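Since the structure comes first, as structure tokens, the remarks are kept for the end.
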Amino acid sequence: MWKAVKDREAGFLLPSSFATRIRSHRVASLDLSNHKEIVSPHNGAINSLQVDLTEERYLLSGSSDGSAAVYDIQHATDYERGLIAKHKSLFVVDKQHNHGHRYAISTAVWYPVDTGLFITGSFDHYIKVWDTNTTQVVMDFKMPGKVYRTAMSSIATTHMLIAAGSTDVQVRLCDIASGAFTHTLSGHRDGVMSLEWSTSSEWILVTGGCDGAIRFWDIRRAGCFRVLDQARSQLGRRPLAESTSKKGSVTGQSSSAKSMVSQRRIPLGNETKQLRALHKSQHLPRGPVVQRLHPGLSSTHNRAVAHYGAVTGLRATGDGMYLLSSGSDSRLRLWDVDSGYNTLVNFEAMRLQPTKALQLAVTQDSSLVFVPCLSTVKAYDVQSGMTFRTFCGHYELVNCCCLSSQDQELYTGSNDRQILVWSPASPVIAEVEEGKGGWVSVADQDNWSD
């Protein structure tokens with residue numbers, strides 16, 4: 001790390017590259033925090049966790065006892081013996097609330113551009129939008145079945161749509177602005193357990209169903225335009241050089257064809273039709289014919305599966321180039337979003353929950369993915385599939401994990417009703433200031449004698 005600091009001082013290392021190295025170093029040193037603790041008020045399994053995207057200060061959790069809670073993860077509410085910072089919930093909405101959920105909360109997400117709203121989905125068939133300041137329900141949406149997942153686009157600027165997956169075969173888009181359903185996406189043959197908006201386009205939605213299919217939707221058009229097939233694969237990264245050379249050859253052919261056409265004389269009468277037919281026959285595409293299967297996909301492509309079983313989790317990388325998916329077949333797959341191919345990255349052996357939606361987490365540089373594996377959380381290298389680290393701390397099954405990109409802290413929720421904090425190892429020794437309960441770093445103190 002000190003070499004990187006010297007390179008940055010000398011100007012050999014760009015600021016962005018230096019920040020990436022520091023973040024990677026901090027993530028690599030994650031361990032169960034011995035100075036920070038989340039005091040969980042839940043009496044059931046933790047099903048969902050998310051840090052807000054605006055300030056990255058507030059943590060939202062949803063539990064199977066029908067309650068949702070918000071924590072301030074930057075400012076502690078109490079200190080145990082002056083050493084361990086305890087973060088208690090700022091407020092809790094549960095079954096005792098006038099408009100609370102009656103059954104388990106399966107998903108809880110922040111409104112992407114403001115912490116004034118958050119959304120919860122429950123097995124009581126309702127999706128509710130809450131005002132954070134008043135802890136009151138602003139609006140609700142009645143779904144036809146148990147709600148598995150909800151998602152909102154973090155880059156959307158023209159819509160405020162909540163994508164909702166449930167036990168019903170149709171995916172519904174709920175509009176906060178109008179309070180009504182705007183889209184109904186049909187294509188899955190079973191319930192939809194996982195959802196993920198594209199990180200490169202606000203119009204692209206990816207859904208994973210209990211039928212094993214992963215479908216891509218452009219909400220501006222009818223029908224899905226892509227179904228991932230595990231049999232369609234390519235080894236390694238996408239061939240950029242090959243694609244550019246193909247483009248160059250195609251443009252070269254088109255320019256030569258244009259010059260030949262310009263030199264020909266203009267035919268008259270029936271000769272025009274004959275030349276048109278001859279022109280079509282001469283310029284038929286060679287090799288595999290790329291057909292537009294949208295909006296009506298052929299039966300072969302429509303029945304393609306990405307997993308042998310339900311798709312339990314989806315997570316797109318930050319650059320939008322790749323998609324990670326987990327399934328009830330205990331497989332983790334990496335997909336090339338542009339081509340739709342399975343990259344054949346062989347992730348090492350894992351055991352995943354087969355009947356519950358899982359929440360995956362990816363680092364900011366898309367180098368590591370965190371996957372709940374029974375009572376542990378495993379970190380895998382995205383490109384090689386090797387196990388980078390195994391986090392052991394929970395006593396029961398882990399359902400969700402969330403990574404804070406600002407502090408490089410990992411938060412995990414489990415059936416043991418606990419939210420554990422995994423923090424980077426601090427390179428400096430911290431001491432407790434006398435008379436106060438806060439932490440004071442030695443690096444911030446002076447050596448002057450009073």
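To be explicit about the labels: the chains of the structure tokens are called A, B, and onward in the order shown, and within each one the residues are counted from 1, while ligands get numbers from 1 in the order they are shown.
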
- Message: For Ala108 in chain A, find every residue with an atom within 6 Å (counting only C-alpha atoms), except residues of its own chain fewer than 6 positions away, and show them as a ChimeraX atom specification.
- Response: /A:48,62,119-120

Val137 in chain A surroundings by only C-alpha atoms, 12 Å radius, close-in-sequence under 2 positions cut, as a CSV table (one decimal) with all heavy atoms, in the first residue's frame:
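Output file result.csv is given in full below:
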chain,number,residue,atom,x,y,z
A,93,VAL,N,-41.2,-0.2,12.0
A,93,VAL,CA,-42.6,-0.3,11.7
A,93,VAL,C,-42.8,-1.8,11.6
A,93,VAL,O,-42.2,-2.6,10.9
A,93,VAL,CB,-42.9,0.3,10.3
A,93,VAL,CG1,-42.8,1.9,10.5
A,93,VAL,CG2,-41.9,-0.1,9.2
A,97,HIS,N,-48.1,-1.5,13.9
A,97,HIS,CA,-48.4,-0.2,13.2
A,97,HIS,C,-49.8,-0.3,12.5
A,97,HIS,O,-50.2,-1.4,12.1
A,97,HIS,CB,-47.3,0.0,12.1
A,97,HIS,CG,-47.3,1.4,11.6
A,97,HIS,ND1,-48.2,1.8,10.6
A,97,HIS,CD2,-46.6,2.5,11.9
A,97,HIS,CE1,-48.0,3.1,10.3
A,97,HIS,NE2,-47.0,3.5,11.0
A,98,ASN,N,-50.5,0.8,12.4
A,98,ASN,CA,-51.8,0.8,11.8
A,98,ASN,C,-51.8,0.3,10.4
A,98,ASN,O,-52.8,-0.3,10.0
A,98,ASN,CB,-52.4,2.2,11.9
A,98,ASN,CG,-52.6,2.7,13.3
A,98,ASN,OD1,-52.9,1.9,14.2
A,98,ASN,ND2,-52.6,4.0,13.5
A,99,HIS,N,-50.8,0.6,9.7
A,99,HIS,CA,-50.7,0.2,8.3
A,99,HIS,C,-49.5,-0.8,8.0
A,99,HIS,O,-49.0,-0.9,6.9
A,99,HIS,CB,-50.6,1.4,7.4
A,99,HIS,CG,-51.7,2.4,7.5
A,99,HIS,ND1,-52.9,2.2,7.0
A,99,HIS,CD2,-51.7,3.6,8.2
A,99,HIS,CE1,-53.7,3.3,7.3
A,99,HIS,NE2,-53.0,4.1,8.0
A,100,GLY,N,-49.1,-1.5,9.0
A,100,GLY,CA,-48.0,-2.4,8.9
A,100,GLY,C,-48.4,-3.7,8.2
A,100,GLY,O,-49.6,-4.0,8.0
A,101,HIS,N,-47.4,-4.4,7.8
A,101,HIS,CA,-47.6,-5.7,7.1
A,101,HIS,C,-48.1,-6.8,8.1
A,101,HIS,O,-47.6,-6.8,9.2
A,101,HIS,CB,-46.3,-6.2,6.4
A,101,HIS,CG,-46.0,-5.3,5.2
A,101,HIS,ND1,-46.7,-5.4,4.0
A,101,HIS,CD2,-45.0,-4.4,5.0
A,101,HIS,CE1,-46.1,-4.6,3.1
A,101,HIS,NE2,-45.1,-4.0,3.7
A,116,GLY,N,-36.1,9.9,1.9
A,116,GLY,CA,-37.4,10.3,2.4
A,116,GLY,C,-38.5,9.2,2.2
A,116,GLY,O,-39.5,9.2,2.8
A,117,LEU,N,-38.2,8.2,1.3
A,117,LEU,CA,-39.1,7.2,1.0
A,117,LEU,C,-38.4,5.8,1.0
A,117,LEU,O,-37.2,5.7,0.6
A,117,LEU,CB,-39.8,7.4,-0.4
A,117,LEU,CG,-40.7,8.6,-0.6
A,117,LEU,CD1,-41.1,8.6,-2.0
A,117,LEU,CD2,-41.9,8.5,0.3
A,118,PHE,N,-39.1,4.8,1.4
A,118,PHE,CA,-38.6,3.4,1.2
A,118,PHE,C,-39.8,2.5,0.9
A,118,PHE,O,-41.0,2.8,1.2
A,118,PHE,CB,-37.8,2.9,2.4
A,118,PHE,CG,-38.6,2.8,3.7
A,118,PHE,CD1,-39.2,1.5,4.0
A,118,PHE,CD2,-38.7,3.8,4.6
A,118,PHE,CE1,-39.9,1.4,5.2
A,118,PHE,CE2,-39.4,3.7,5.8
A,118,PHE,CZ,-40.0,2.5,6.1
A,119,ILE,N,-39.5,1.4,0.3
A,119,ILE,CA,-40.5,0.5,-0.2
A,119,ILE,C,-40.4,-0.9,0.4
A,119,ILE,O,-39.2,-1.4,0.5
A,119,ILE,CB,-40.5,0.4,-1.7
A,119,ILE,CG1,-40.7,1.7,-2.4
A,119,ILE,CG2,-41.5,-0.6,-2.3
A,119,ILE,CD1,-39.5,2.5,-2.7
A,120,THR,N,-41.5,-1.5,0.8
A,120,THR,CA,-41.4,-2.8,1.4
A,120,THR,C,-42.4,-3.7,0.6
A,120,THR,O,-43.5,-3.3,0.2
A,120,THR,CB,-41.8,-2.8,2.9
A,120,THR,OG1,-43.1,-2.2,3.1
A,120,THR,CG2,-40.8,-2.1,3.7
A,126,TYR,N,-49.0,-7.3,-0.5
A,126,TYR,CA,-49.0,-5.8,-0.6
A,126,TYR,C,-47.5,-5.3,-0.8
A,126,TYR,O,-46.6,-5.8,-0.1
A,126,TYR,CB,-49.6,-5.2,0.6
A,126,TYR,CG,-51.1,-5.1,0.6
A,126,TYR,CD1,-51.9,-6.1,1.2
A,126,TYR,CD2,-51.7,-4.0,-0.1
A,126,TYR,CE1,-53.3,-6.0,1.1
A,126,TYR,CE2,-53.1,-3.9,-0.2
A,126,TYR,CZ,-53.9,-4.9,0.4
A,126,TYR,OH,-55.3,-4.8,0.3
A,127,ILE,N,-47.4,-4.3,-1.6
A,127,ILE,CA,-46.2,-3.4,-1.7
A,127,ILE,C,-46.6,-2.1,-1.1
A,127,ILE,O,-47.5,-1.4,-1.6
A,127,ILE,CB,-45.7,-3.3,-3.1
A,127,ILE,CG1,-45.3,-4.7,-3.6
A,127,ILE,CG2,-44.6,-2.3,-3.2
A,127,ILE,CD1,-44.9,-4.7,-5.1
A,128,LYS,N,-45.8,-1.6,-0.2
A,128,LYS,CA,-46.1,-0.3,0.5
A,128,LYS,C,-45.0,0.6,0.4
A,128,LYS,O,-43.8,0.3,0.5
A,128,LYS,CB,-46.5,-0.6,2.0
A,128,LYS,CG,-47.7,-1.5,2.2
A,128,LYS,CD,-48.2,-1.5,3.6
A,128,LYS,CE,-49.5,-2.4,3.7
A,128,LYS,NZ,-50.0,-2.4,5.1
A,129,VAL,N,-45.3,1.9,0.1
A,129,VAL,CA,-44.4,3.0,0.0
A,129,VAL,C,-44.5,3.8,1.3
A,129,VAL,O,-45.6,4.3,1.6
A,129,VAL,CB,-44.6,3.9,-1.2
A,129,VAL,CG1,-43.6,5.0,-1.3
A,129,VAL,CG2,-44.6,3.0,-2.5
A,130,TRP,N,-43.4,4.0,2.0
A,130,TRP,CA,-43.4,4.6,3.3
A,130,TRP,C,-42.7,6.0,3.3
A,130,TRP,O,-41.7,6.1,2.6
A,130,TRP,CB,-42.7,3.7,4.4
A,130,TRP,CG,-43.3,2.4,4.6
A,130,TRP,CD1,-43.2,1.3,3.8
A,130,TRP,CD2,-44.2,2.0,5.7
A,130,TRP,NE1,-43.9,0.2,4.4
A,130,TRP,CE2,-44.5,0.6,5.5
A,130,TRP,CE3,-44.7,2.7,6.8
A,130,TRP,CZ2,-45.3,-0.1,6.4
A,130,TRP,CZ3,-45.5,2.0,7.7
A,130,TRP,CH2,-45.8,0.6,7.5
A,131,ASP,N,-43.3,6.9,4.1
A,131,ASP,CA,-42.6,8.2,4.3
A,131,ASP,C,-41.7,8.0,5.5
A,131,ASP,O,-42.1,7.6,6.6
A,131,ASP,CB,-43.6,9.3,4.6
A,131,ASP,CG,-43.0,10.6,4.7
A,131,ASP,OD1,-41.9,10.8,5.2
A,131,ASP,OD2,-43.6,11.6,4.2
A,132,THR,N,-40.4,8.2,5.3
A,132,THR,CA,-39.4,7.9,6.3
A,132,THR,C,-39.6,8.9,7.5
A,132,THR,O,-39.4,8.5,8.7
A,132,THR,CB,-38.0,8.1,5.8
A,132,THR,OG1,-37.9,7.3,4.6
A,132,THR,CG2,-36.9,7.6,6.8
A,133,ASN,N,-39.9,10.1,7.3
A,133,ASN,CA,-40.0,11.1,8.4
A,133,ASN,C,-41.2,10.9,9.3
A,133,ASN,O,-41.1,11.0,10.5
A,133,ASN,CB,-40.1,12.5,7.8
A,133,ASN,CG,-38.8,12.8,7.0
A,133,ASN,OD1,-37.7,12.6,7.5
A,133,ASN,ND2,-39.0,13.3,5.8
A,134,THR,N,-42.3,10.5,8.7
A,134,THR,CA,-43.6,10.3,9.5
A,134,THR,C,-43.9,8.8,9.7
A,134,THR,O,-44.8,8.5,10.5
A,134,THR,CB,-44.8,10.9,8.7
A,134,THR,OG1,-44.9,10.3,7.5
A,134,THR,CG2,-44.5,12.4,8.5
A,135,THR,N,-43.1,7.9,9.1
A,135,THR,CA,-43.3,6.5,9.2
A,135,THR,C,-44.8,6.1,8.9
A,135,THR,O,-45.4,5.3,9.6
A,135,THR,CB,-42.9,5.9,10.6
A,135,THR,OG1,-43.8,6.5,11.6
A,135,THR,CG2,-41.5,6.2,10.9
A,139,MET,N,-48.6,5.2,-0.1
A,139,MET,CA,-49.5,4.4,-1.0
A,139,MET,C,-49.1,3.0,-1.0
A,139,MET,O,-48.1,2.6,-0.5
A,139,MET,CB,-49.3,4.9,-2.5
A,139,MET,CG,-48.0,4.7,-3.1
A,139,MET,SD,-47.8,5.3,-4.8
A,139,MET,CE,-48.1,7.1,-4.5
A,140,ASP,N,-50.0,2.1,-1.4
A,140,ASP,CA,-49.8,0.7,-1.5
A,140,ASP,C,-50.3,0.1,-2.8
A,140,ASP,O,-51.2,0.7,-3.4
A,140,ASP,CB,-50.4,0.0,-0.3
A,140,ASP,CG,-51.9,0.2,-0.1
A,140,ASP,OD1,-52.5,0.7,-1.1
A,140,ASP,OD2,-52.4,-0.1,1.0
A,141,PHE,N,-49.8,-1.1,-3.1
A,141,PHE,CA,-50.2,-1.8,-4.4
A,141,PHE,C,-50.6,-3.2,-4.0
A,141,PHE,O,-49.8,-3.9,-3.3
A,141,PHE,CB,-49.1,-1.8,-5.4
A,141,PHE,CG,-48.6,-0.4,-5.8
A,141,PHE,CD1,-47.6,0.2,-5.1
A,141,PHE,CD2,-49.2,0.3,-6.9
A,141,PHE,CE1,-47.1,1.5,-5.5
A,141,PHE,CE2,-48.8,1.5,-7.2
A,141,PHE,CZ,-47.7,2.1,-6.6

- Contacts of range 231-234 of chain A at 6 Å or less, counting only C-alpha atoms, minus same-chain residues fewer than 2 places along, as a list of chain:residue names? A:Asp229, A:Tyr341, A:Asn342, A:Thr343

Residues from last step as file, C-alpha atoms, as a tab-separated table (two decimals), in the first residue's frame:
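Generated output (result-v3.tsv):
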chain	number	residue	atom	x	y	z
A	229	ASP	CA	-29.61	-20.08	-22.27
A	341	TYR	CA	-23.65	-15.85	-23.51
A	342	ASN	CA	-22.71	-17.92	-20.50
A	343	THR	CA	-19.03	-17.09	-19.87

- Task: Could you give me, as a ChimeraX atom specification, each residue of range 23-228 of chain A that DSSP assigns to strand (DSSP E) when run on this structure's backbone?
- Result: /A:30-32,36-38,46-51,58-63,68-72,78-80,84-87,89-93,105-110,117-122,126-131,136-142,147-152,161-166,171-175,180-185,192-197,204-209,214-218,224-227

Quick one: write out the picked residues with C-alpha atoms as a CSV table (one decimal), in the first residue's frame?
chain,number,residue,atom,x,y,z
A,30,LEU,CA,-12.7,-7.6,5.8
A,31,ASP,CA,-13.3,-9.3,9.1
A,32,LEU,CA,-16.0,-9.5,11.8
A,36,LYS,CA,-19.2,-1.9,15.6
A,37,GLU,CA,-22.5,-3.7,16.2
A,38,ILE,CA,-26.0,-3.4,14.8
A,46,ILE,CA,-33.5,-10.9,8.2
A,47,ASN,CA,-34.6,-11.2,4.6
A,48,SER,CA,-33.4,-7.9,3.1
A,49,LEU,CA,-30.7,-5.3,3.7
A,50,GLN,CA,-29.8,-2.1,1.8
A,51,VAL,CA,-27.7,1.0,2.4
A,58,TYR,CA,-28.8,4.6,6.6
A,59,LEU,CA,-29.3,0.9,6.6
A,60,LEU,CA,-32.7,-0.5,5.9
A,61,SER,CA,-33.7,-4.0,7.0
A,62,GLY,CA,-36.8,-6.2,6.5
A,63,SER,CA,-37.7,-9.2,8.6
A,68,ALA,CA,-38.8,-3.0,8.9
A,69,ALA,CA,-36.1,-0.9,10.6
A,70,VAL,CA,-33.7,1.9,9.8
A,71,TYR,CA,-30.2,2.3,11.3
A,72,ASP,CA,-27.7,5.1,11.2
A,78,ASP,CA,-24.5,4.1,22.3
A,79,TYR,CA,-21.2,2.7,23.4
A,80,GLU,CA,-20.6,-0.5,25.3
A,84,ILE,CA,-18.0,-1.1,21.0
A,85,ALA,CA,-20.2,1.4,19.0
A,86,LYS,CA,-23.8,0.2,19.1
A,87,HIS,CA,-26.1,1.3,16.3
A,89,SER,CA,-32.7,1.3,15.1
A,90,LEU,CA,-33.9,4.9,14.5
A,91,PHE,CA,-37.5,3.5,14.1
A,92,VAL,CA,-39.3,0.3,13.5
A,93,VAL,CA,-42.6,-0.3,11.7
A,105,ILE,CA,-41.5,-8.7,4.7
A,106,SER,CA,-39.5,-10.3,1.9
A,107,THR,CA,-37.9,-7.2,0.5
A,108,ALA,CA,-37.1,-3.6,1.6
A,109,VAL,CA,-35.5,-1.1,-0.7
A,110,TRP,CA,-34.7,2.6,-0.6
A,117,LEU,CA,-39.1,7.2,1.0
A,118,PHE,CA,-38.6,3.4,1.2
A,119,ILE,CA,-40.5,0.5,-0.2
A,120,THR,CA,-41.4,-2.8,1.4
A,121,GLY,CA,-42.9,-6.0,-0.1
A,122,SER,CA,-44.6,-8.7,1.9
A,126,TYR,CA,-49.0,-5.8,-0.6
A,127,ILE,CA,-46.2,-3.4,-1.7
A,128,LYS,CA,-46.1,-0.3,0.5
A,129,VAL,CA,-44.4,3.0,0.0
A,130,TRP,CA,-43.4,4.6,3.3
A,131,ASP,CA,-42.6,8.2,4.3
A,136,GLN,CA,-46.7,6.5,7.5
A,137,VAL,CA,-47.8,4.6,4.3
A,138,VAL,CA,-48.0,7.0,1.4
A,139,MET,CA,-49.5,4.4,-1.0
A,140,ASP,CA,-49.8,0.7,-1.5
A,141,PHE,CA,-50.2,-1.8,-4.4
A,142,LYS,CA,-52.2,-5.0,-4.1
A,147,VAL,CA,-44.2,-10.7,-3.1
A,148,TYR,CA,-40.7,-12.1,-3.5
A,149,ARG,CA,-38.7,-9.1,-4.7
A,150,THR,CA,-39.0,-5.4,-5.5
A,151,ALA,CA,-36.5,-3.2,-7.3
A,152,MET,CA,-36.1,0.3,-8.5
A,161,LEU,CA,-41.3,2.5,-11.5
A,162,ILE,CA,-41.1,-0.3,-8.9
A,163,ALA,CA,-40.6,-3.7,-10.5
A,164,ALA,CA,-42.3,-6.4,-8.5
A,165,GLY,CA,-41.9,-10.2,-8.7
A,166,SER,CA,-44.3,-12.5,-6.9
A,171,VAL,CA,-44.1,-9.1,-13.5
A,172,ARG,CA,-45.8,-5.9,-12.6
A,173,LEU,CA,-44.4,-2.3,-12.7
A,174,CYS,CA,-45.9,0.0,-10.1
A,175,ASP,CA,-45.7,3.8,-10.7
A,180,ALA,CA,-51.2,2.5,-10.5
A,181,PHE,CA,-49.8,-0.4,-12.4
A,182,THR,CA,-48.3,0.7,-15.7
A,183,HIS,CA,-46.9,-2.5,-17.2
A,184,THR,CA,-47.6,-6.2,-17.0
A,185,LEU,CA,-44.8,-8.4,-18.3
A,192,VAL,CA,-40.7,-14.6,-10.3
A,193,MET,CA,-38.2,-14.7,-7.4
A,194,SER,CA,-35.5,-12.2,-8.4
A,195,LEU,CA,-35.4,-8.9,-10.2
A,196,GLU,CA,-32.6,-6.5,-11.3
A,197,TRP,CA,-32.6,-3.3,-13.2
A,204,ILE,CA,-33.8,-2.6,-19.2
A,205,LEU,CA,-35.2,-5.0,-16.6
A,206,VAL,CA,-33.9,-8.5,-15.9
A,207,THR,CA,-36.1,-11.1,-14.2
A,208,GLY,CA,-35.4,-14.5,-12.9
A,209,GLY,CA,-38.2,-17.0,-12.4
A,214,ILE,CA,-33.7,-15.3,-17.0
A,215,ARG,CA,-35.5,-12.8,-19.2
A,216,PHE,CA,-34.5,-9.3,-20.5
A,217,TRP,CA,-37.2,-6.7,-20.9
A,218,ASP,CA,-37.2,-3.3,-22.6
A,224,CYS,CA,-39.0,-9.8,-23.7
A,225,PHE,CA,-36.2,-9.4,-26.2
A,226,ARG,CA,-33.8,-12.0,-24.7
A,227,VAL,CA,-33.9,-15.3,-22.8

So that each row is one residue of range 306-365 of chain A with an atom at most 10 Å from range 17-28 of chain A, can you give its shortest atom pair and the distance in Å to one decimal, using only C-alpha atoms, rows by chain and rising number, as a Markdown table?
| residue | atom | partner | partner_atom | distance |
| --- | --- | --- | --- | --- |
| A:Thr363 | CA | A:Val27 | CA | 8.2 |
| A:Gln364 | CA | A:Arg23 | CA | 8.5 |
| A:Asp365 | CA | A:Thr20 | CA | 7.3 |

- Item | Selected residue of minimal separation from Leu410 in chain A among A:Ala304, A:Met386, A:Ala361, A:Ala425, counting only C-alpha atoms | A:Ala361

- Item | Point-to-point distance in Å for CA of Val362 in chain A and CA of Asn346 in chain A |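 Distance reported for this atom pair: 17.4 Å.
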
- Using only C-alpha atoms: which of A:Leu344, A:Leu323, A:Leu14, A:Cys402 has the shortest distance to Thr199 in chain A: A:Leu323

- Item | Distance of CA of Arg351 in chain A from CA of Asp416 in chain A, expressed in Å to one decimal place | 18.4 Å

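Between CA of Gly327 in chain A and CA of Arg303 in chain A lies a distance of 16.8 Å.
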
- Using only C-alpha atoms, determine which residues lie at most 6 Å from Ala306 in chain A, disregarding the query and same-chain residues fewer than 6 positions distant; provide the list as a PyMOL selection string. chain A and resi 212-213+228-230

Output the selection as an mmCIF file, in the first residue's frame - N, CA, C and O atoms for each residue.
data_model
loop_
_atom_site.group_PDB
_atom_site.id
_atom_site.type_symbol
_atom_site.label_atom_id
_atom_site.label_comp_id
_atom_site.auth_asym_id
_atom_site.auth_seq_id
_atom_site.Cartn_x
_atom_site.Cartn_y
_atom_site.Cartn_z
ATOM 1 N N GLY A 212 -36.641 -21.280 -13.966
ATOM 2 C CA GLY A 212 -35.244 -21.375 -14.360
ATOM 3 C C GLY A 212 -34.834 -20.421 -15.462
ATOM 4 O O GLY A 212 -33.679 -20.459 -15.908
ATOM 5 N N ALA A 213 -35.743 -19.558 -15.913
ATOM 6 C CA ALA A 213 -35.462 -18.653 -17.030
ATOM 7 C C ALA A 213 -35.060 -17.276 -16.515
ATOM 8 O O ALA A 213 -35.575 -16.805 -15.503
ATOM 9 N N LEU A 228 -31.910 -15.942 -21.546
ATOM 10 C CA LEU A 228 -30.578 -16.531 -21.408
ATOM 11 C C LEU A 228 -30.646 -18.050 -21.445
ATOM 12 O O LEU A 228 -31.542 -18.661 -20.852
ATOM 13 N N ASP A 229 -29.685 -18.636 -22.133
ATOM 14 C CA ASP A 229 -29.609 -20.083 -22.274
ATOM 15 C C ASP A 229 -28.227 -20.529 -21.805
ATOM 16 O O ASP A 229 -27.208 -20.061 -22.319
ATOM 17 N N GLN A 230 -28.191 -21.436 -20.831
ATOM 18 C CA GLN A 230 -26.906 -21.890 -20.305
ATOM 19 C C GLN A 230 -26.109 -22.672 -21.336
ATOM 20 O O GLN A 230 -24.886 -22.822 -21.213
#

- Task: Find the residues near Gln418 in chain A: any atom within 10 Å, counting only C-alpha atoms, skip ones fewer than 2 places away on the same chain, and give them as a count of residues only.
- Result: 21

Extract, using only C-alpha atoms, all DNA, RNA and protein residues at most 12 Å from Thr355 in chain A, discarding same-chain residues fewer than 5 positions from it, and format them as a short mmCIF file (atom, residue, chain, number, x, y, z; two decimals) with C-alpha atoms, in the first residue's frame.
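around09.cif was written with the following content:
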data_model
loop_
_atom_site.label_atom_id
_atom_site.label_comp_id
_atom_site.auth_asym_id
_atom_site.auth_seq_id
_atom_site.Cartn_x
_atom_site.Cartn_y
_atom_site.Cartn_z
CA TYR A 148 -40.71 -12.09 -3.51
CA GLY A 191 -43.36 -17.23 -10.07
CA MET A 193 -38.20 -14.73 -7.41
CA GLY A 209 -38.21 -17.01 -12.41
CA CYS A 210 -38.90 -20.25 -10.62
CA GLY A 309 -34.41 -24.90 -10.95
CA ALA A 310 -35.47 -21.51 -9.65
CA VAL A 311 -33.34 -18.41 -10.20
CA THR A 312 -32.88 -17.22 -6.63
CA GLY A 313 -30.65 -14.17 -7.11
CA SER A 326 -27.66 -17.87 -8.53
CA GLY A 327 -30.04 -20.79 -8.70
CA SER A 328 -31.58 -23.51 -6.61
CA ASP A 329 -29.24 -25.91 -8.44
CA SER A 330 -26.44 -24.42 -6.25
CA LEU A 374 -26.05 -21.64 3.99
CA ASN A 399 -30.33 -14.70 3.40
#
